[in-house]
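Data file: input-v1.txt. Format and content: compact mmCIF, C-alpha atoms and all ligand atoms.
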```
# COMPACT_ATOMS: atom_id res chain seq x y z
CA MET A 1 81.33 90.48 107.09
CA THR A 2 82.07 92.12 110.39
CA THR A 3 80.71 90.64 113.61
CA THR A 4 77.43 91.87 115.06
CA ARG A 5 78.02 90.40 118.52
CA ASP A 6 78.69 92.65 121.45
CA TYR A 7 82.42 93.21 121.86
CA TYR A 8 82.28 92.91 125.65
CA GLU A 9 80.39 89.67 125.32
CA ILE A 10 82.94 88.30 122.83
CA LEU A 11 85.80 88.90 125.26
CA GLY A 12 83.66 87.96 128.28
CA VAL A 13 84.44 91.11 130.23
CA PRO A 14 82.10 93.57 132.03
CA ARG A 15 81.42 96.92 130.39
CA ASP A 16 83.53 98.73 132.97
CA ALA A 17 86.54 96.40 132.61
CA ASP A 18 89.87 98.22 132.78
CA ASP A 19 92.54 97.99 130.08
CA ALA A 20 94.50 95.22 131.80
CA THR A 21 91.39 93.05 132.11
CA VAL A 22 90.49 93.56 128.46
CA LYS A 23 94.02 92.73 127.39
CA SER A 24 94.23 89.63 129.51
CA ALA A 25 90.81 88.40 128.32
CA TYR A 26 91.82 88.91 124.71
CA ARG A 27 95.10 87.10 125.24
CA LYS A 28 93.33 84.07 126.64
CA MET A 29 90.81 84.09 123.82
CA ALA A 30 93.43 84.54 121.13
CA LEU A 31 95.61 81.74 122.50
CA LYS A 32 92.67 79.38 122.73
CA HIS A 33 91.40 80.01 119.20
CA HIS A 34 94.73 80.66 117.51
CA PRO A 35 94.76 79.09 114.01
CA ASP A 36 98.10 77.43 114.73
CA ARG A 37 96.51 75.52 117.57
CA ASN A 38 93.34 74.70 115.66
CA PRO A 39 94.49 73.89 112.14
CA GLY A 40 91.63 73.72 109.68
CA ASP A 41 89.05 74.64 112.31
CA GLN A 42 86.86 77.27 110.63
CA LYS A 43 84.95 78.08 113.78
CA ALA A 44 88.07 78.68 115.83
CA GLU A 45 89.37 80.96 113.11
CA GLU A 46 86.13 82.95 113.16
CA GLN A 47 86.31 83.25 116.93
CA PHE A 48 89.93 84.29 116.69
CA LYS A 49 89.08 87.04 114.20
CA GLU A 50 86.06 88.11 116.22
CA ALA A 51 88.20 88.45 119.35
CA ALA A 52 90.78 90.45 117.40
CA GLU A 53 88.06 92.78 116.13
CA ALA A 54 86.63 93.25 119.62
CA TYR A 55 90.06 93.88 121.09
CA ALA A 56 90.99 96.39 118.37
CA VAL A 57 88.05 98.51 119.51
CA LEU A 58 88.07 97.97 123.27
CA ALA A 59 91.83 98.52 123.59
CA ASP A 60 91.57 101.90 121.91
CA ARG A 61 90.22 104.51 124.30
CA GLU A 62 88.61 106.64 121.61
CA LYS A 63 87.07 103.75 119.67
CA ARG A 64 85.81 102.18 122.86
CA ALA A 65 84.09 105.45 123.86
CA ARG A 66 82.41 105.64 120.47
CA TYR A 67 81.39 102.00 120.67
CA ASP A 68 79.87 102.57 124.12
CA ARG A 69 77.78 105.44 122.75
CA PHE A 70 76.85 104.27 119.27
CA GLY A 71 77.50 100.53 119.20
CA HIS A 72 78.95 98.92 116.10
CA ALA A 73 77.90 101.85 113.94
CA GLY A 74 80.21 104.13 115.93
CA VAL A 75 83.41 102.25 115.22
CA GLY A 76 83.11 101.45 111.54
CA SER A 77 84.83 104.75 110.84
CA ALA A 78 88.51 105.36 111.49
CA GLY A 79 87.83 108.68 113.17
CA GLY A 80 85.80 110.17 110.33
CA GLY A 81 86.98 112.58 107.68
CA GLY A 82 88.20 111.26 104.38
CA ALA A 83 89.04 107.78 103.23
CA GLY A 84 91.68 106.33 105.49
CA TYR A 85 94.08 103.47 105.52
CA ASP A 86 94.79 101.57 108.66
CA PRO A 87 96.71 98.33 108.30
CA THR A 88 97.29 98.03 112.03
CA ILE A 89 93.83 97.07 113.18
CA PHE A 90 94.04 93.55 111.81
CA ALA A 91 97.76 93.13 112.27
CA ASP A 92 98.42 94.08 115.87
CA PHE A 93 97.50 90.81 117.52
CA GLY A 94 100.93 89.47 116.55
CA ASP A 95 102.52 91.83 119.03
CA ILE A 96 100.34 91.04 121.98
CA LEU A 97 100.91 87.32 121.46
CA GLY A 98 104.64 87.87 121.03
CA GLY A 99 105.78 87.13 124.56
CA LEU A 100 103.68 84.02 125.09
CA GLY A 101 104.08 82.90 121.53
CA ASP A 102 107.81 82.58 121.86
CA LEU A 103 107.41 80.40 124.93
CA PHE A 104 104.91 78.07 123.34
CA GLY A 105 106.61 78.22 119.99
CA PHE A 106 103.67 79.37 117.89
CA SER A 107 103.77 83.10 117.53
CA GLY A 108 101.55 84.22 114.69
CA GLY A 109 103.19 82.27 111.87
CA ARG A 110 106.74 83.15 112.83
CA ARG A 111 107.27 79.49 113.63
CA GLY A 112 109.75 78.78 110.85
CA GLY A 113 107.09 78.54 108.16
CA PRO A 114 106.37 81.30 105.69
CA ARG A 115 104.27 84.11 107.04
CA ARG A 116 100.88 85.01 105.57
CA GLY A 117 100.59 88.64 104.49
CA ALA A 118 98.77 91.12 106.74
CA ASP A 119 95.14 92.03 106.11
CA LEU A 120 94.56 95.63 105.14
CA ARG A 121 91.63 97.92 105.88
CA TYR A 122 90.43 100.73 103.66
CA ASP A 123 87.72 103.17 104.75
CA LEU A 124 85.60 104.26 101.82
CA GLU A 125 83.05 107.07 101.95
CA ILE A 126 80.24 107.03 99.44
CA THR A 127 77.16 109.21 98.98
CA PHE A 128 73.61 108.13 99.76
CA ALA A 129 72.81 108.12 96.05
CA GLU A 130 75.78 105.85 95.33
CA ALA A 131 74.63 103.45 98.02
CA ALA A 132 71.15 103.41 96.44
CA THR A 133 72.32 102.63 92.92
CA GLY A 134 75.58 100.82 93.59
CA THR A 135 78.80 102.19 92.21
CA GLU A 136 82.22 101.31 91.00
CA THR A 137 85.25 103.07 92.39
CA THR A 138 89.01 102.95 92.08
CA LEU A 139 91.04 102.65 95.26
CA GLN A 140 94.70 103.48 95.58
CA ILE A 141 96.18 101.05 98.01
CA PRO A 142 99.72 101.51 99.24
CA ARG A 143 101.05 98.04 99.75
CA GLU A 144 104.19 96.02 99.32
CA GLU A 145 104.49 94.29 95.99
CA SER A 146 106.68 91.30 95.29
CA CYS A 147 110.05 92.45 93.90
CA ASP A 148 110.27 91.84 90.15
CA THR A 149 114.06 91.54 90.07
CA CYS A 150 114.31 88.59 92.45
CA GLY A 151 110.76 87.27 92.14
CA GLY A 152 110.22 87.98 95.83
CA SER A 153 112.99 85.71 97.10
CA GLY A 154 115.23 88.59 98.23
CA SER A 155 118.28 86.88 96.81
CA ALA A 156 120.25 88.44 93.96
CA PRO A 157 119.43 86.75 90.64
CA GLY A 158 121.51 83.61 90.22
CA SER A 159 122.00 83.06 93.96
CA THR A 160 119.90 81.16 96.46
CA PRO A 161 119.42 81.56 100.23
CA GLU A 162 121.80 79.49 102.33
CA LYS A 163 121.17 77.45 105.42
CA CYS A 164 121.38 79.61 108.54
CA GLY A 165 124.66 78.98 110.34
CA GLN A 166 123.40 79.93 113.77
CA CYS A 167 120.46 77.51 113.99
CA GLN A 168 121.59 74.98 111.36
CA GLY A 169 118.34 75.60 109.47
CA ARG A 170 116.06 74.72 112.36
CA GLY A 171 114.75 78.26 112.81
CA GLN A 172 115.13 77.98 116.58
CA VAL A 173 118.03 78.22 118.96
CA ARG A 174 118.08 76.49 122.35
CA PHE A 175 119.83 77.69 125.44
CA GLN A 176 120.06 76.65 129.04
CA GLN A 177 118.31 78.71 131.68
CA GLY A 178 118.66 77.15 135.11
CA PHE A 179 117.20 73.64 134.78
CA LEU A 180 115.27 74.53 131.67
CA THR A 181 116.20 74.34 128.05
CA VAL A 182 114.49 77.22 126.35
CA ALA A 183 113.88 77.40 122.62
CA ARG A 184 113.75 80.80 120.96
CA THR A 185 113.24 82.01 117.43
CA CYS A 186 116.67 82.23 115.80
CA PRO A 187 117.71 85.90 115.79
CA ALA A 188 119.93 85.46 112.73
CA CYS A 189 117.30 84.17 110.29
CA GLY A 190 114.11 85.23 112.08
CA GLY A 191 112.94 81.60 112.25
CA ILE A 192 113.10 80.92 108.51
CA GLY A 193 116.12 78.66 108.77
CA ARG A 194 117.83 80.20 105.79
CA VAL A 195 119.69 83.46 105.28
CA ILE A 196 120.18 85.49 102.15
CA ALA A 197 123.85 85.45 101.27
CA LYS A 198 123.70 87.84 98.32
CA PRO A 199 120.80 90.30 98.73
CA CYS A 200 118.89 91.47 95.67
CA GLN A 201 119.93 95.03 94.78
CA SER A 202 116.43 96.28 93.98
CA CYS A 203 114.78 95.32 97.27
CA HIS A 204 117.86 94.95 99.51
CA GLY A 205 116.89 91.41 100.36
CA HIS A 206 113.32 92.15 101.51
CA GLY A 207 111.74 90.55 98.47
CA LYS A 208 109.15 93.36 98.47
CA ILE A 209 108.92 96.91 97.19
CA GLY A 210 106.43 99.54 98.39
CA GLN A 211 104.02 100.57 95.65
CA GLU A 212 100.66 102.24 95.10
CA ARG A 213 98.25 99.80 93.63
CA LYS A 214 95.02 100.71 91.88
CA LEU A 215 92.03 98.46 92.42
CA THR A 216 88.58 98.76 90.95
CA VAL A 217 85.87 97.80 93.41
CA LYS A 218 82.19 97.24 92.73
CA ILE A 219 80.02 98.55 95.56
CA PRO A 220 76.67 96.71 95.52
CA ALA A 221 73.43 98.71 95.61
CA GLY A 222 71.86 98.83 99.06
CA ILE A 223 75.09 98.74 101.04
CA GLY A 224 75.01 100.32 104.50
CA THR A 225 77.48 102.02 106.80
CA ALA A 226 80.01 99.72 108.49
CA GLN A 227 79.44 96.89 106.04
CA ARG A 228 82.67 95.41 104.74
CA LEU A 229 83.70 94.08 101.39
CA ARG A 230 86.47 91.55 101.43
CA LEU A 231 88.86 91.44 98.50
CA THR A 232 90.61 88.13 98.79
CA ALA A 233 94.40 88.17 98.44
CA GLU A 234 94.56 91.96 97.93
CA GLY A 235 96.24 92.58 101.28
CA GLU A 236 99.96 92.63 102.02
CA HIS A 237 102.13 90.00 100.41
CA GLY A 238 103.24 87.17 102.63
CA GLY A 239 106.77 85.87 103.01
CA PRO A 240 108.21 83.90 100.09
CA GLY A 241 105.80 81.08 99.28
CA ALA A 242 103.13 82.33 101.73
CA PRO A 243 99.67 83.57 100.73
CA PRO A 244 98.90 87.29 100.76
CA GLY A 245 96.42 88.78 103.25
CA ASP A 246 93.00 90.14 102.35
CA LEU A 247 91.83 93.70 101.84
CA TYR A 248 88.74 94.82 103.73
CA VAL A 249 86.90 97.84 102.36
CA VAL A 250 84.77 99.35 105.13
CA VAL A 251 81.95 101.45 103.70
CA HIS A 252 80.59 104.69 105.18
CA VAL A 253 77.41 106.03 103.61
CA GLY A 254 76.67 109.77 103.72
CA ASP A 255 73.32 111.21 104.85
CA HIS A 256 70.33 112.00 102.65
CA PRO A 257 68.77 115.50 102.84
CA PHE A 258 65.27 114.12 103.64
CA PHE A 259 65.38 110.41 104.20
CA GLN A 260 66.33 108.60 107.33
CA ARG A 261 67.36 105.05 106.70
CA ASP A 262 66.11 102.06 108.67
CA GLY A 263 67.59 98.97 107.03
CA ASP A 264 66.09 98.95 103.56
CA ASP A 265 63.21 101.27 104.54
CA LEU A 266 63.34 105.03 104.25
CA LEU A 267 61.45 107.43 106.49
CA CYS A 268 60.65 111.07 105.85
CA ASP A 269 58.53 113.77 107.44
CA MET A 270 56.34 115.85 105.16
CA PRO A 271 54.77 119.13 106.29
CA VAL A 272 51.17 119.46 105.00
CA THR A 273 48.90 122.46 105.47
CA PHE A 274 45.89 122.23 107.76
CA PRO A 275 43.34 122.79 104.95
CA THR A 276 44.80 119.89 102.94
CA LEU A 277 44.75 117.59 105.99
CA ALA A 278 41.20 118.58 106.82
CA LEU A 279 39.72 118.64 103.31
CA GLY A 280 41.95 116.06 101.64
CA GLY A 281 44.11 116.66 98.58
CA GLU A 282 47.23 115.69 96.74
CA ILE A 283 50.82 116.26 97.84
CA GLU A 284 54.11 115.68 96.13
CA VAL A 285 56.69 113.55 97.96
CA PRO A 286 60.30 112.74 97.14
CA THR A 287 61.55 109.24 96.30
CA LEU A 288 65.02 107.99 95.38
CA THR A 289 64.21 108.74 91.74
CA ASP A 290 61.42 111.10 90.61
CA PRO A 291 58.97 112.68 93.06
CA THR A 292 55.57 111.07 93.19
CA THR A 293 52.16 112.21 94.47
CA ILE A 294 50.08 110.77 97.27
CA GLN A 295 46.41 111.33 98.07
CA ILE A 296 45.67 112.79 101.49
CA PRO A 297 42.22 111.60 102.58
CA THR A 298 39.75 113.96 104.22
CA GLY A 299 40.37 114.37 107.95
CA THR A 300 43.95 113.05 107.98
CA GLN A 301 45.61 113.39 111.41
CA ALA A 302 49.16 114.52 112.07
CA ASP A 303 51.70 111.63 112.27
CA THR A 304 49.74 109.47 109.83
CA ARG A 305 52.17 107.46 107.76
CA PHE A 306 51.82 106.57 104.14
CA ARG A 307 53.75 103.70 102.68
CA LEU A 308 55.23 103.76 99.20
CA ARG A 309 55.77 100.08 98.75
CA GLY A 310 59.00 98.99 97.05
CA LYS A 311 60.29 102.56 96.74
CA GLY A 312 62.95 102.21 99.45
CA MET A 313 66.58 101.10 99.27
CA PRO A 314 67.46 98.02 97.26
CA ASN A 315 68.36 95.07 99.44
CA VAL A 316 72.11 94.49 99.35
CA ASN A 317 71.56 90.76 98.94
CA GLY A 318 69.28 91.28 95.96
CA ARG A 319 66.03 90.62 97.85
CA GLY A 320 63.89 93.36 96.36
CA HIS A 321 63.48 96.85 97.79
CA GLY A 322 62.40 98.33 101.09
CA ASP A 323 59.54 100.83 101.42
CA ILE A 324 59.30 104.57 101.88
CA TYR A 325 57.26 105.79 104.85
CA VAL A 326 56.04 109.36 104.58
CA ARG A 327 54.82 110.78 107.89
CA VAL A 328 52.67 113.89 107.57
CA GLN A 329 53.14 116.81 109.91
CA VAL A 330 51.02 119.90 110.30
CA ALA A 331 52.69 122.85 108.62
CA VAL A 332 51.96 125.80 110.89
CA PRO A 333 52.58 129.09 109.07
CA THR A 334 54.85 131.56 110.85
CA LYS A 335 53.81 134.53 108.71
CA LEU A 336 50.22 135.32 107.81
CA SER A 337 48.78 138.06 105.65
CA ARG A 338 46.05 140.27 107.09
CA GLU A 339 43.47 138.43 105.00
CA GLN A 340 44.69 134.97 106.10
CA LYS A 341 44.58 136.09 109.71
CA THR A 342 40.99 137.24 109.37
CA LEU A 343 39.97 133.99 107.70
CA LEU A 344 41.66 131.92 110.39
CA GLN A 345 40.05 133.95 113.16
CA GLU A 346 36.66 133.42 111.55
CA LEU A 347 37.36 129.70 111.24
CA GLY A 348 38.59 129.53 114.84
CA ALA A 349 35.42 131.21 116.06
CA THR A 350 33.36 128.40 114.51
CA MET A 351 35.32 125.67 116.33
CA PRO A 352 35.81 126.72 119.97
CA ASN A 353 38.48 124.88 121.98
CA GLN A 354 35.92 123.41 124.36
CA VAL A 355 34.76 120.84 121.76
CA LEU A 356 38.24 119.26 121.71
CA GLU A 357 39.02 116.48 124.13
CA PRO A 358 42.40 115.06 125.11
CA VAL A 359 43.49 111.99 123.13
CA PRO A 360 43.91 108.86 125.31
CA ALA A 361 47.58 108.10 125.96
CA ASP A 362 49.22 105.59 123.63
CA THR A 363 51.03 102.89 125.56
CA ASP A 364 52.00 100.75 122.60
CA GLU A 365 54.72 102.41 120.54
CA GLU A 366 54.62 100.11 117.54
CA ARG A 367 50.94 99.55 116.82
CA PRO A 368 49.76 103.00 115.79
CA PHE A 369 52.69 103.16 113.40
CA PHE A 370 51.36 100.24 111.36
CA ASP A 371 47.70 100.95 112.05
CA ARG A 372 47.98 104.34 110.53
CA VAL A 373 49.97 103.31 107.49
CA LYS A 374 48.05 103.95 104.33
CA ASP A 375 49.23 101.89 101.42
CA ILE A 376 49.79 103.81 98.25
CA PHE A 377 50.92 101.02 95.96
CA GLY A 378 49.58 97.87 97.39
ZN ZN A 401 114.46 91.83 94.99
ZN ZN A 402 118.74 80.75 112.00
```
Written as structure tokens, how would this file's structure read?
Ligand SMILES: [Zn+2]
Ligand SMILES: [Zn+2]
Amino acid sequence: MTTTRDYYEILGVPRDADDATVKSAYRKMALKHHPDRNPGDQKAEEQFKEAAEAYAVLADREKRARYDRFGHAGVGSAGGGGAGYDPTIFADFGDILGGLGDLFGFSGGRRGGPRRGADLRYDLEITFAEAATGTETTLQIPREESCDTCGGSGSAPGSTPEKCGQCQGRGQVRFQQGFLTVARTCPACGGIGRVIAKPCQSCHGHGKIGQERKLTVKIPAGIGTAQRLRLTAEGEHGGPGAPPGDLYVVVHVGDHPFFQRDGDDLLCDMPVTFPTLALGGEIEVPTLTDPTTIQIPTGTQADTRFRLRGKGMPNVNGRGHGDIYVRVQVAVPTKLSREQKTLLQELGATMPNQVLEPVPADTDEERPFFDRVKDIFG
């Protein structure tokens, strides 16, 4: 799942850091935690990915602006509007490391060994109702598939790659620069050490062919915006013999007409007439399934909240359901009949304003919320 840490904190830069500072901080972080330098170190890998995620946002002017305003929730979306496909966000750290990587000889898997496939990102929009019940959907992912003709090797059937003549199979070439001997990735074989003598006709030696791939994905009930599902090995194919990348499905949940979501809890405002609040009565309130009724006690004040226990969103990890909080508001009529006006005037005359006193100011925001909750099912 995506990181919840502050992106500025991850890169260790101030919130007003300029682009160069962000880039330099990321470079340092990425070099320090690079998987090639920390083989088998899970924590370093996490930190590496976290830094890449932070950089992907902070290096992009528009994403950074949204992050500054809305936090993590603002950058889950790839600009809104329709399901999108953006393979670059997880892949672009290769480029920024490029220059240094060549010097140190460990640039993002290009070091002679086979290269792991790139991770892909898919932005999926679902409705509120789908998030509440869970859903299953089919994604069409454009990605490179291994070539059937050559089995992904890139060599024409019956032939095999030959040792690279330029680097003698080492994957690196050395040359003199002043007093220094500098090693560089072999330009002829791209560091693999072998070259394809007879390219496969179907894929022209790439070993891959671009294809649309259909994937069925189960979206668990209770999922929220910006949560990610990881589909292992469904990303881009790697080089011959290398593992494929992963596919990340980033979920965006649409709004509900009444409910506001707060984790697994749902909040809604319900207008109730003054006579019902004053005399008590029954009102109908919406839930995720069928509407239900709640009892309004005599003398109920505006802003009183009623809790419908266990009627909220299912927890995405299977830990039960949240609650629904219904907050009652006074429904003030904008149009009154002559008769209603007369009745109200008569009522008003019996309760002059002078008997009302100001309510003491509430300094604690949280307490009255829970104090005034009336349990319906509890
Ligand atoms: Zn082929
Ligand atoms: Zn070579």
Enumerate residues in contact with ligand ZN 402 (chain A): an atom-to-atom distance of at most 7 Å, counting all atoms listed in the file. Format the result as a ChimeraX atom specification. /A:164-172,186-194
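Coordinates place CA of Ile141 in chain A at a distance of 15.1 Å from CA of Lys208 in chain A.
With all atoms listed in the file as the atoms that count, the set of residues no farther than 6 Å from ligand ZN 401 (chain A) is Cys147, Thr149, Cys150, Gly152, Gly154, Cys200, Ser202, Cys203, Gly205 and Gly207 of chain A.
The closest residue to Arg305 in chain A, picked from A:Pro161, A:Gln329, A:Ala59, A:Ala30 and counting all atoms listed in the file, is A:Gln329.
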Which residues are close to Thr127 in chain A, i.e. within 6 Å by all atoms listed in the file, leaving aside same-chain residues fewer than 3 positions away? Reply as a PyMOL selection string. chain A and resi 130+253-254
Identify, on the basis of only C-alpha atoms, every residue whose closest approach to Lys43 in chain A does not exceed 12 Å; exclude the query and any residue fewer than 6 positions from it along the same chain; express the result as a PDB file with C-alpha atoms, keeping the file's coordinate frame.
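Just written: part.pdb:
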```pdb
ATOM      1  CA  LYS A  32      92.670  79.380 122.730  1.00  0.00           C
ATOM      2  CA  HIS A  33      91.400  80.010 119.200  1.00  0.00           C
ATOM      3  CA  HIS A  34      94.730  80.660 117.510  1.00  0.00           C
ATOM      4  CA  PRO A  35      94.760  79.090 114.010  1.00  0.00           C
ATOM      5  CA  LYS A  49      89.080  87.040 114.200  1.00  0.00           C
ATOM      6  CA  GLU A  50      86.060  88.110 116.220  1.00  0.00           C
TER       7      GLU A  50
END
```
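Rounded to one decimal, CA of Met313 in chain A and CA of Leu266 in chain A lie 7.1 Å from each other.
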Counting only C-alpha atoms, note down every residue that has an atom within 10 Å of the point (105.0, 89.4, 101.8) (file coordinates), as a ChimeraX atom specification. /A:114-118,143-147,152-153,206-209,235-245
Which residue out of A:Asp246, A:Asp68, A:Asp41, A:Glu284 has the minimum interatomic distance to Arg15 in chain A when all atoms listed in the file are used? A:Asp68
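Of note, CA of Thr4 in chain A and CA of Tyr122 in chain A are spaced 19.4 Å apart.
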